[in-house]
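Shown next: structure24.tsv, containing TSV, C-alpha atoms.
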```tsv
chain	number	residue	atom	x	y	z
A	1228	MET	CA	-41.98	4.32	35.13
A	1229	ASN	CA	-38.67	6.23	35.39
A	1230	SER	CA	-36.65	8.72	33.35
A	1231	LYS	CA	-35.13	5.95	31.22
A	1232	THR	CA	-38.59	4.64	30.38
A	1233	ILE	CA	-39.66	8.15	29.37
A	1234	GLU	CA	-36.58	8.51	27.13
A	1235	LYS	CA	-37.24	5.16	25.45
A	1236	ARG	CA	-40.89	6.06	24.94
A	1237	PHE	CA	-39.96	9.36	23.31
A	1238	ASP	CA	-37.41	7.62	21.07
A	1239	VAL	CA	-40.23	5.43	19.76
A	1240	ILE	CA	-42.59	8.40	19.41
A	1241	ARG	CA	-39.92	10.44	17.64
A	1242	THR	CA	-39.25	7.65	15.13
A	1243	ILE	CA	-42.96	7.12	14.42
A	1244	LEU	CA	-43.55	10.85	14.06
A	1245	ALA	CA	-40.54	11.14	11.74
A	1246	VAL	CA	-42.01	8.43	9.51
A	1247	ILE	CA	-45.44	10.10	9.50
A	1248	ILE	CA	-43.97	13.52	8.64
A	1249	ALA	CA	-41.85	11.97	5.85
A	1250	LEU	CA	-44.94	10.26	4.39
A	1251	LEU	CA	-46.92	13.50	4.59
A	1252	ILE	CA	-44.15	15.32	2.72
A	1253	ALA	CA	-44.20	12.61	0.05
A	1254	LEU	CA	-47.99	12.81	-0.24
A	1255	VAL	CA	-47.81	16.59	-0.70
A	1256	VAL	CA	-45.19	16.15	-3.43
A	1257	ILE	CA	-47.37	13.53	-5.16
A	1258	ILE	CA	-50.39	15.84	-5.07
A	1259	ILE	CA	-48.33	18.67	-6.57
A	1260	VAL	CA	-46.62	16.75	-9.40
A	1261	SER	CA	-49.31	14.27	-10.44
A	1262	ASP	CA	-52.18	14.90	-12.84
A	1263	ASP	CA	-54.13	12.12	-11.12
A	1264	PRO	CA	-52.96	12.26	-7.48
A	1265	MET	CA	-55.73	10.04	-6.08
A	1266	ASN	CA	-54.76	7.14	-8.36
A	1267	ALA	CA	-51.06	7.69	-7.56
A	1268	LEU	CA	-51.71	7.81	-3.81
A	1269	TYR	CA	-53.87	4.68	-3.97
A	1270	ASN	CA	-51.18	2.71	-5.79
A	1271	PHE	CA	-48.47	4.00	-3.45
A	1272	LEU	CA	-50.27	3.31	-0.18
A	1273	ILE	CA	-52.56	0.38	-1.02
A	1274	GLY	CA	-50.93	-1.13	-4.11
A	1275	PRO	CA	-48.54	-3.51	-2.25
A	1276	ILE	CA	-51.45	-5.31	-0.56
A	1277	THR	CA	-53.88	-5.50	-3.49
A	1278	ASN	CA	-52.83	-9.09	-4.25
A	1279	ALA	CA	-50.69	-11.86	-2.79
A	1280	ARG	CA	-47.94	-11.53	-5.41
A	1281	ARG	CA	-47.34	-7.88	-4.62
A	1282	PHE	CA	-47.30	-8.48	-0.88
A	1283	ALA	CA	-44.86	-11.35	-1.43
A	1284	ASN	CA	-42.65	-8.82	-3.23
A	1285	VAL	CA	-42.60	-6.74	-0.03
A	1286	ILE	CA	-41.45	-9.71	2.06
A	1287	GLU	CA	-38.89	-10.78	-0.58
A	1288	LEU	CA	-37.36	-7.30	-0.61
A	1289	SER	CA	-37.31	-7.10	3.18
A	1290	ILE	CA	-35.12	-10.23	3.59
A	1291	PRO	CA	-31.76	-8.68	2.53
A	1292	LEU	CA	-32.78	-5.44	4.24
A	1293	MET	CA	-33.24	-7.32	7.52
A	1294	PHE	CA	-29.88	-9.08	7.25
A	1295	CYS	CA	-28.05	-5.81	6.61
A	1296	GLY	CA	-30.12	-3.98	9.23
A	1297	LEU	CA	-29.10	-6.57	11.83
A	1298	ALA	CA	-25.44	-6.34	10.77
A	1299	VAL	CA	-25.36	-2.56	11.11
A	1300	SER	CA	-27.39	-2.56	14.36
A	1301	ILE	CA	-24.91	-4.80	16.16
A	1302	MET	CA	-21.89	-2.75	15.05
A	1303	PHE	CA	-23.49	0.63	15.66
A	1304	ALA	CA	-24.71	-0.53	19.09
A	1305	ALA	CA	-21.02	-0.83	20.00
A	1306	ASP	CA	-20.39	2.66	18.57
A	1307	GLN	CA	-18.48	1.26	15.58
A	1308	SER	CA	-18.99	3.30	12.41
A	1309	ASN	CA	-18.11	0.43	10.09
A	1310	MET	CA	-20.02	0.98	6.84
A	1311	ALA	CA	-18.52	-1.90	4.86
A	1312	SER	CA	-21.71	-3.98	5.01
A	1313	GLU	CA	-22.48	-2.89	1.43
A	1314	GLY	CA	-19.16	-4.20	0.14
A	1315	ALA	CA	-19.39	-7.36	2.26
A	1316	PHE	CA	-22.84	-8.08	0.83
A	1317	TYR	CA	-21.68	-7.51	-2.76
A	1318	VAL	CA	-18.49	-9.57	-2.68
A	1319	SER	CA	-20.35	-12.36	-0.88
A	1320	CYS	CA	-22.80	-12.41	-3.78
A	1321	ALA	CA	-19.91	-12.70	-6.25
A	1322	VAL	CA	-18.13	-15.49	-4.35
A	1323	THR	CA	-21.40	-17.37	-3.86
A	1324	SER	CA	-22.08	-17.08	-7.61
A	1325	VAL	CA	-18.72	-18.65	-8.49
A	1326	ILE	CA	-19.42	-21.63	-6.24
A	1327	ALA	CA	-23.00	-21.90	-7.53
A	1328	VAL	CA	-21.75	-22.03	-11.14
A	1329	LEU	CA	-18.53	-24.06	-10.97
A	1330	TRP	CA	-18.92	-26.54	-8.12
A	1331	GLU	CA	-20.62	-29.91	-8.55
A	1332	LEU	CA	-22.23	-30.94	-5.26
A	1333	PRO	CA	-25.42	-32.59	-4.02
A	1334	ALA	CA	-28.30	-30.15	-3.61
A	1335	PHE	CA	-28.33	-29.84	0.19
A	1336	LEU	CA	-24.54	-29.68	0.47
A	1337	HIS	CA	-24.23	-27.20	-2.39
A	1338	VAL	CA	-26.54	-24.74	-0.63
A	1339	ILE	CA	-24.64	-25.10	2.64
A	1340	VAL	CA	-21.28	-24.48	0.95
A	1341	CYS	CA	-22.64	-21.40	-0.84
A	1342	LEU	CA	-24.00	-19.95	2.39
A	1343	ALA	CA	-20.79	-20.76	4.29
A	1344	ALA	CA	-18.62	-19.16	1.59
A	1345	GLY	CA	-20.74	-16.01	1.58
A	1346	THR	CA	-20.61	-15.80	5.37
A	1347	ILE	CA	-16.82	-16.19	5.52
A	1348	THR	CA	-16.36	-13.62	2.75
A	1349	GLY	CA	-18.53	-11.13	4.65
A	1350	ILE	CA	-16.48	-11.61	7.82
A	1351	ILE	CA	-13.19	-11.06	5.99
A	1352	ILE	CA	-14.41	-7.87	4.30
A	1353	MET	CA	-15.94	-6.41	7.45
A	1354	CYS	CA	-12.85	-7.08	9.56
A	1355	ILE	CA	-10.54	-5.08	7.26
A	1356	PRO	CA	-11.56	-1.64	8.66
A	1357	ALA	CA	-11.40	-3.07	12.19
A	1358	VAL	CA	-7.84	-4.30	11.69
A	1359	LEU	CA	-6.80	-1.00	10.11
A	1360	LYS	CA	-8.26	0.80	13.13
A	1361	ALA	CA	-6.51	-1.46	15.63
A	1362	LYS	CA	-3.10	-1.50	13.90
A	1363	TRP	CA	-2.77	2.02	12.48
A	1364	GLN	CA	-5.65	4.00	14.03
A	1365	ALA	CA	-7.24	4.47	10.59
A	1366	ASN	CA	-10.65	6.09	10.82
A	1367	GLU	CA	-13.08	3.19	10.30
A	1368	LEU	CA	-15.74	5.47	8.80
A	1369	VAL	CA	-13.44	6.60	5.99
A	1370	SER	CA	-11.74	3.25	5.42
A	1371	SER	CA	-15.02	1.30	5.33
A	1372	LEU	CA	-16.63	3.73	2.89
A	1373	MET	CA	-13.62	3.53	0.57
A	1374	LEU	CA	-13.55	-0.24	0.96
A	1375	ASN	CA	-17.03	-0.47	-0.59
A	1376	TYR	CA	-15.67	0.79	-3.91
A	1377	ILE	CA	-12.79	-1.67	-3.74
A	1378	CYS	CA	-15.37	-4.40	-3.14
A	1379	LEU	CA	-17.35	-3.26	-6.18
A	1380	TYR	CA	-14.38	-3.75	-8.51
A	1381	MET	CA	-13.26	-6.87	-6.68
A	1382	GLY	CA	-16.68	-8.46	-7.17
A	1383	ASN	CA	-16.71	-7.46	-10.85
A	1384	TYR	CA	-13.22	-8.94	-11.28
A	1385	ILE	CA	-14.28	-12.24	-9.70
A	1386	ILE	CA	-17.29	-12.55	-12.00
A	1387	ARG	CA	-15.48	-11.41	-15.17
A	1388	THR	CA	-12.50	-13.73	-14.71
A	1389	ARG	CA	-14.28	-16.82	-13.39
A	1390	VAL	CA	-17.89	-17.18	-14.52
A	1391	LEU	CA	-18.70	-14.40	-17.00
A	1392	ASP	CA	-21.41	-15.19	-19.54
A	1393	THR	CA	-19.74	-13.86	-22.71
A	1394	SER	CA	-22.93	-14.24	-24.74
A	1395	LEU	CA	-24.33	-11.15	-23.01
A	1396	GLY	CA	-22.96	-7.64	-23.19
A	1397	ILE	CA	-23.12	-6.94	-19.47
A	1398	THR	CA	-21.44	-8.23	-16.32
A	1399	THR	CA	-23.52	-11.36	-15.78
A	1400	SER	CA	-22.49	-14.80	-14.63
A	1401	LEU	CA	-23.34	-18.12	-16.18
A	1402	VAL	CA	-26.50	-19.78	-14.90
A	1403	PHE	CA	-26.23	-21.37	-11.44
A	1404	LYS	CA	-26.39	-25.12	-11.00
A	1405	GLU	CA	-29.89	-26.27	-10.06
A	1406	THR	CA	-28.47	-27.74	-6.85
A	1407	ALA	CA	-27.43	-24.23	-5.71
A	1408	SER	CA	-30.89	-22.88	-5.07
A	1409	LEU	CA	-32.89	-22.25	-1.91
A	1410	PRO	CA	-36.32	-23.94	-1.81
A	1411	ASN	CA	-39.35	-21.81	-2.63
A	1412	LEU	CA	-41.84	-21.36	0.23
A	1413	ILE	CA	-44.98	-20.27	-1.63
A	1414	PRO	CA	-45.73	-21.38	-5.20
A	1415	GLY	CA	-46.33	-18.49	-7.59
A	1416	THR	CA	-43.97	-16.20	-5.70
A	1417	ARG	CA	-40.20	-15.90	-5.26
A	1418	LEU	CA	-40.48	-16.11	-1.46
A	1419	HIS	CA	-37.69	-18.48	-0.43
A	1420	LEU	CA	-36.21	-20.22	2.60
A	1421	GLY	CA	-34.17	-17.12	3.38
A	1422	LEU	CA	-37.24	-15.78	5.20
A	1423	VAL	CA	-36.89	-18.57	7.78
A	1424	PHE	CA	-33.15	-17.89	8.09
A	1425	VAL	CA	-33.62	-14.16	8.70
A	1426	ILE	CA	-36.36	-14.76	11.29
A	1427	LEU	CA	-33.99	-17.05	13.18
A	1428	ALA	CA	-31.24	-14.43	12.86
A	1429	VAL	CA	-33.51	-11.75	14.36
A	1430	ILE	CA	-34.40	-13.99	17.31
A	1431	LEU	CA	-30.78	-14.99	17.98
A	1432	CYS	CA	-29.52	-11.40	17.68
A	1433	TYR	CA	-32.19	-10.14	20.07
A	1434	ILE	CA	-31.38	-12.85	22.64
A	1435	MET	CA	-27.67	-12.10	22.28
A	1436	MET	CA	-28.13	-8.33	22.66
A	1437	TYR	CA	-30.51	-8.31	25.64
A	1438	HIS	CA	-30.11	-11.63	27.42
A	1439	THR	CA	-26.37	-12.38	27.40
A	1440	GLY	CA	-23.25	-10.89	28.91
A	1441	LEU	CA	-21.86	-10.23	25.44
A	1442	GLY	CA	-24.89	-8.15	24.52
A	1443	TYR	CA	-24.60	-6.17	27.75
A	1444	ALA	CA	-20.92	-5.53	26.99
A	1445	ILE	CA	-21.77	-4.36	23.45
A	1446	ARG	CA	-24.41	-1.91	24.70
A	1447	THR	CA	-22.17	-0.68	27.51
A	1448	ILE	CA	-19.27	-0.06	25.14
A	1449	GLY	CA	-21.59	1.79	22.79
A	1450	GLN	CA	-22.80	4.08	25.58
A	1451	ASN	CA	-19.52	4.64	27.40
A	1452	LYS	CA	-16.33	2.92	26.27
A	1453	ASN	CA	-14.24	4.29	29.15
A	1454	PHE	CA	-16.69	2.96	31.74
A	1455	ALA	CA	-16.57	-0.45	30.01
A	1456	LYS	CA	-12.76	-0.43	30.29
A	1457	TYR	CA	-12.84	0.47	33.97
A	1458	ALA	CA	-15.43	-2.26	34.54
A	1459	GLY	CA	-12.94	-4.79	33.22
A	1460	MET	CA	-14.64	-5.55	29.91
A	1461	GLY	CA	-12.42	-6.67	27.05
A	1462	VAL	CA	-13.32	-3.73	24.84
A	1463	GLY	CA	-11.00	-4.61	21.96
A	1464	GLY	CA	-12.20	-8.20	21.74
A	1465	VAL	CA	-15.87	-7.24	21.95
A	1466	VAL	CA	-15.47	-4.56	19.30
A	1467	LEU	CA	-13.74	-6.99	16.93
A	1468	LEU	CA	-16.44	-9.58	17.61
A	1469	THR	CA	-19.15	-7.10	16.60
A	1470	GLN	CA	-17.38	-6.65	13.24
A	1471	VAL	CA	-17.25	-10.43	12.82
A	1472	MET	CA	-20.96	-10.78	13.59
A	1473	GLY	CA	-21.83	-7.87	11.32
A	1474	GLY	CA	-19.77	-9.35	8.49
A	1475	ALA	CA	-21.31	-12.80	9.01
A	1476	LEU	CA	-24.83	-11.38	8.80
A	1477	ALA	CA	-24.11	-9.24	5.73
A	1478	GLY	CA	-22.27	-12.08	3.99
A	1479	PHE	CA	-24.91	-14.67	4.83
A	1480	GLY	CA	-27.56	-12.20	3.64
A	1481	GLY	CA	-25.73	-11.73	0.33
A	1482	ALA	CA	-25.43	-15.49	-0.23
A	1483	THR	CA	-29.07	-16.02	0.71
A	1484	GLU	CA	-30.24	-13.29	-1.66
A	1485	MET	CA	-28.16	-14.64	-4.53
A	1486	ILE	CA	-29.22	-18.30	-4.43
A	1487	GLY	CA	-32.71	-17.51	-3.17
A	1488	MET	CA	-33.82	-14.83	-5.64
A	1489	TYR	CA	-31.64	-15.32	-8.74
A	1490	ASN	CA	-30.34	-18.01	-11.07
A	1491	ARG	CA	-27.24	-15.99	-12.03
A	1492	PHE	CA	-25.23	-13.00	-10.79
A	1493	GLN	CA	-26.60	-9.89	-12.52
A	1494	TYR	CA	-25.80	-6.86	-10.36
A	1495	GLN	CA	-24.39	-3.99	-12.42
A	1496	GLY	CA	-23.34	-2.02	-9.35
A	1497	LEU	CA	-23.57	-1.99	-5.58
A	1498	PRO	CA	-27.16	-3.03	-4.69
A	1499	GLN	CA	-27.33	-0.48	-1.82
A	1500	TYR	CA	-28.64	-3.00	0.72
A	1501	GLY	CA	-25.76	-2.27	3.11
A	1502	PHE	CA	-26.47	1.46	3.02
A	1503	ASP	CA	-30.19	0.74	3.46
A	1504	GLY	CA	-29.21	-1.30	6.52
A	1505	MET	CA	-27.97	1.91	8.14
A	1506	LEU	CA	-31.35	3.56	7.69
A	1507	ILE	CA	-33.08	0.48	9.09
A	1508	ALA	CA	-30.70	0.33	12.08
A	1509	ILE	CA	-31.34	4.01	12.83
A	1510	MET	CA	-35.12	3.54	12.61
A	1511	ALA	CA	-34.91	0.42	14.80
A	1512	LYS	CA	-32.70	2.17	17.39
A	1513	TYR	CA	-30.22	-0.72	17.00
A	1514	ASN	CA	-32.79	-3.10	18.49
A	1515	PRO	CA	-32.86	-6.41	16.55
A	1516	ALA	CA	-36.53	-6.94	17.45
A	1517	LEU	CA	-37.47	-3.72	15.62
A	1518	VAL	CA	-35.33	-4.37	12.55
A	1519	PRO	CA	-38.05	-6.46	10.81
A	1520	VAL	CA	-40.59	-3.66	11.36
A	1521	ALA	CA	-38.27	-1.05	9.82
A	1522	ALA	CA	-37.22	-3.37	6.96
A	1523	ILE	CA	-40.80	-4.30	6.04
A	1524	PHE	CA	-41.82	-0.64	6.17
A	1525	LEU	CA	-39.00	0.34	3.81
A	1526	ALA	CA	-39.76	-2.62	1.51
A	1527	TYR	CA	-43.45	-1.68	1.54
A	1528	ILE	CA	-42.99	1.94	0.49
A	1529	ARG	CA	-40.45	0.92	-2.17
A	1530	THR	CA	-42.85	-1.63	-3.60
A	1531	GLY	CA	-45.61	0.98	-3.48
A	1532	ALA	CA	-43.37	3.51	-5.22
A	1533	ASP	CA	-42.55	0.98	-7.93
A	1534	ILE	CA	-46.24	0.24	-8.52
A	1535	MET	CA	-47.02	3.96	-8.53
A	1536	ASN	CA	-44.21	4.60	-11.02
A	1537	ARG	CA	-45.61	1.96	-13.40
A	1538	THR	CA	-49.25	3.03	-13.11
A	1539	SER	CA	-49.05	6.82	-12.82
A	1540	ASP	CA	-46.93	9.83	-13.75
A	1541	VAL	CA	-45.07	10.04	-10.41
A	1542	PRO	CA	-41.37	8.96	-10.52
A	1543	TYR	CA	-39.90	6.27	-8.28
A	1544	GLU	CA	-37.42	8.81	-6.86
A	1545	ILE	CA	-40.10	9.96	-4.41
A	1546	ILE	CA	-38.59	7.29	-2.12
A	1547	SER	CA	-35.43	9.39	-1.81
A	1548	VAL	CA	-37.54	12.22	-0.38
A	1549	ILE	CA	-39.08	9.90	2.22
A	1550	GLN	CA	-35.76	8.33	3.25
A	1551	SER	CA	-34.01	11.69	3.55
A	1552	ALA	CA	-36.78	13.15	5.71
A	1553	ILE	CA	-36.80	10.11	8.01
A	1554	ILE	CA	-33.02	10.21	8.52
A	1555	MET	CA	-32.95	13.95	9.18
A	1556	LEU	CA	-35.74	13.79	11.76
A	1557	VAL	CA	-34.66	10.59	13.51
A	1558	VAL	CA	-31.04	11.68	13.98
A	1559	ALA	CA	-31.98	15.25	14.96
A	1560	LYS	CA	-31.30	15.22	18.69
A	1561	MET	CA	-33.42	18.31	19.37
A	1562	PHE	CA	-36.52	16.91	17.64
A	1563	LEU	CA	-39.11	16.62	20.50
A	1564	ASN	CA	-36.24	17.10	22.96
A	1565	ASN	CA	-37.96	19.92	24.90
A	1566	LEU	CA	-41.12	17.88	25.30
A	1567	LYS	CA	-39.10	14.92	26.57
A	1568	HIS	CA	-37.32	17.05	29.17
A	1569	LYS	CA	-40.63	18.51	30.36
A	1570	GLN	CA	-41.98	15.02	30.93
A	1571	ILE	CA	-38.84	13.97	32.83
A	1572	VAL	CA	-38.97	17.11	35.02
A	1573	LYS	CA	-42.68	16.58	35.66
A	1574	TYR	CA	-42.06	12.97	36.65
A	1575	SER	CA	-39.17	13.99	38.96
A	1576	LYS	CA	-41.36	16.57	40.71
A	1577	MET	CA	-44.10	13.99	41.23
A	1578	GLN	CA	-41.60	11.59	42.77
A	1579	MET	CA	-40.29	14.30	45.13
A	1580	GLU	CA	-43.82	15.24	46.17
A	1581	LYS	CA	-44.60	11.61	46.95
A	1582	LYS	CA	-41.48	11.33	49.13
A	1583	GLU	CA	-42.32	14.53	50.98
A	1584	ALA	CA	-45.89	13.39	51.55
A	1585	SER	CA	-44.71	10.09	52.98
```

Show me, as structure tokens, the structure contained in the file I just sent.
Amino acid sequence: MNSKTIEKRFDVIRTILAVIIALLIALVVIIIVSDDPMNALYNFLIGPITNARRFANVIELSIPLMFCGLAVSIMFAADQSNMASEGAFYVSCAVTSVIAVLWELPAFLHVIVCLAAGTITGIIIMCIPAVLKAKWQANELVSSLMLNYICLYMGNYIIRTRVLDTSLGITTSLVFKETASLPNLIPGTRLHLGLVFVILAVILCYIMMYHTGLGYAIRTIGQNKNFAKYAGMGVGGVVLLTQVMGGALAGFGGATEMIGMYNRFQYQGLPQYGFDGMLIAIMAKYNPALVPVAAIFLAYIRTGADIMNRTSDVPYEIISVIQSAIIMLVVAKMFLNNLKHKQIVKYSKMQMEKKEAS
């Protein structure tokens, strides 16, 4: 064990403790506001695993969360504050819907074209803030946040002008062709082939981040960009590549969600998966291997909150309390910082004593 190991251990402990504290806050709120807190707590904590259909809902919800969590993790690991994953996801859904409605292709080929179109769309959207940064030094945080609203209206325009179902009074596309649908994995649920895709994405991203030179360059740039430059790393190229990978993951995730879970485009606003990806990336410490854990946790408490909302007098908005508490505690640098330093000092003293004794 060394000081780095201690720091990593405390990062894990801090995240787990932040989640526990956030849940305790939520439980206190439930007890205060509910007339039947025990029933509400049961449905919130146990409800998602009371039957197979509800647990399948957790896994279904976690699929787009994992894709966006991976996208954000790769970009944030390189210290790139590109928050356009929300817009990339949304426009990819719109483009995928157009192809799913209008194109006539064999089943297997139709799915591939939909996924490819969503992926390419995601890459294009995500690279816009990167290009603005490289060409005109535009702050990528501001430009990417503003881009999400442009993507919202762009996606609405695509649906309204190309495949709008005029028989309904909302922004909804015509029904997808049957050939543009991902196979279902478990009968009686909506669990689709996207689960296999996202598992493969997690594995590939983890291998790339921790077992390749590119991953080492990404992590080095994220920790110290000047050192990476002096070490001869192509910082600009690596940074742009992280945006491409992030866009590909968000776009592929949007296409997968659209043809896996729905038979028509029916979003009435940004679905928030890209923004949720930031929370998941923070909880996972930008480690692809931990993204599924964070995504399933978030999907679990959201499913529990939905069940609780339908079966008790506690509103679904309790999730906002949990998410806010987790973010505040995880990003708070001083949370458990003193305890971490004490452990590092204690370890250093032990090492010095061992050297003196020898």

### Query
How far is it from CA of Ser1308 (chain A) to CA of Glu1367 (chain A), in Å with one decimal?
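Spanning CA of Ser1308 (chain A) to CA of Glu1367 (chain A) is a straight-line distance of 6.3 Å.
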
Would you give me, as JSON lines, each residue of region 1264-1304 of chain A having an atom within 9 Å of an atom of region 1249-1257 of chain A, along with its shortest atom pair and that distance in Å to one decimal, using all atoms listed in the file and sorting by chain and residue number?
```
{"residue": "A:Pro1264", "atom": "CA", "partner": "A:Ile1257", "partner_atom": "CA", "distance": 6.2}
{"residue": "A:Ala1267", "atom": "CA", "partner": "A:Ile1257", "partner_atom": "CA", "distance": 7.3}
{"residue": "A:Leu1268", "atom": "CA", "partner": "A:Leu1254", "partner_atom": "CA", "distance": 7.2}
```

### Task
Have a look at A:Met1293, A:Val1557, A:Arg1389, A:Glu1544 and name the one nearest to Lys1512 (chain A); count all atoms listed in the file.
A:Val1557

### Given all atoms listed in the file as the counted atoms, nearest of A:Thr1538, A:Leu1525, A:Gly1531, A:Lys1452 to Ile1553 (chain A)
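The shortest atom-to-atom distance to Ile1553 (chain A) comes from A:Leu1525.
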
### Task
Give as number ranges by chain each residue that has an atom at most 7 Å from (-11.7, 1.7, 9.3) in the file, counting all atoms listed in the file.
A: 1309, 1356-1357, 1359-1360, 1365-1371

### Task
Quick one: everything within 12 Å of Thr1277 (chain A), counting all atoms listed in the file, minus sequence neighbours fewer than 6 positions away in the same chain. Send it as a list in words.
Tyr1269, Asn1270, Phe1271, Ala1283, Asn1284, Val1285, Thr1530, Gly1531 and Ile1534 of chain A

#### Entry: Atom-to-atom span, CA of Thr1348 (chain A) and CA of Thr1439 (chain A), Å
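Pair CA of Thr1348 (chain A) / CA of Thr1439 (chain A) returns 26.6 Å.
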
### Task
Give me, please, the distance in Å between CA of Ser1289 (chain A) and CA of Ala1407 (chain A), quoted to one decimal.
21.7 Å

### Within 7 Å of Phe1479 (chain A) using all atoms listed in the file, minus same-chain residues under 4 positions, as a ChimeraX atom specification
/A:1342,1345-1346,1475,1483
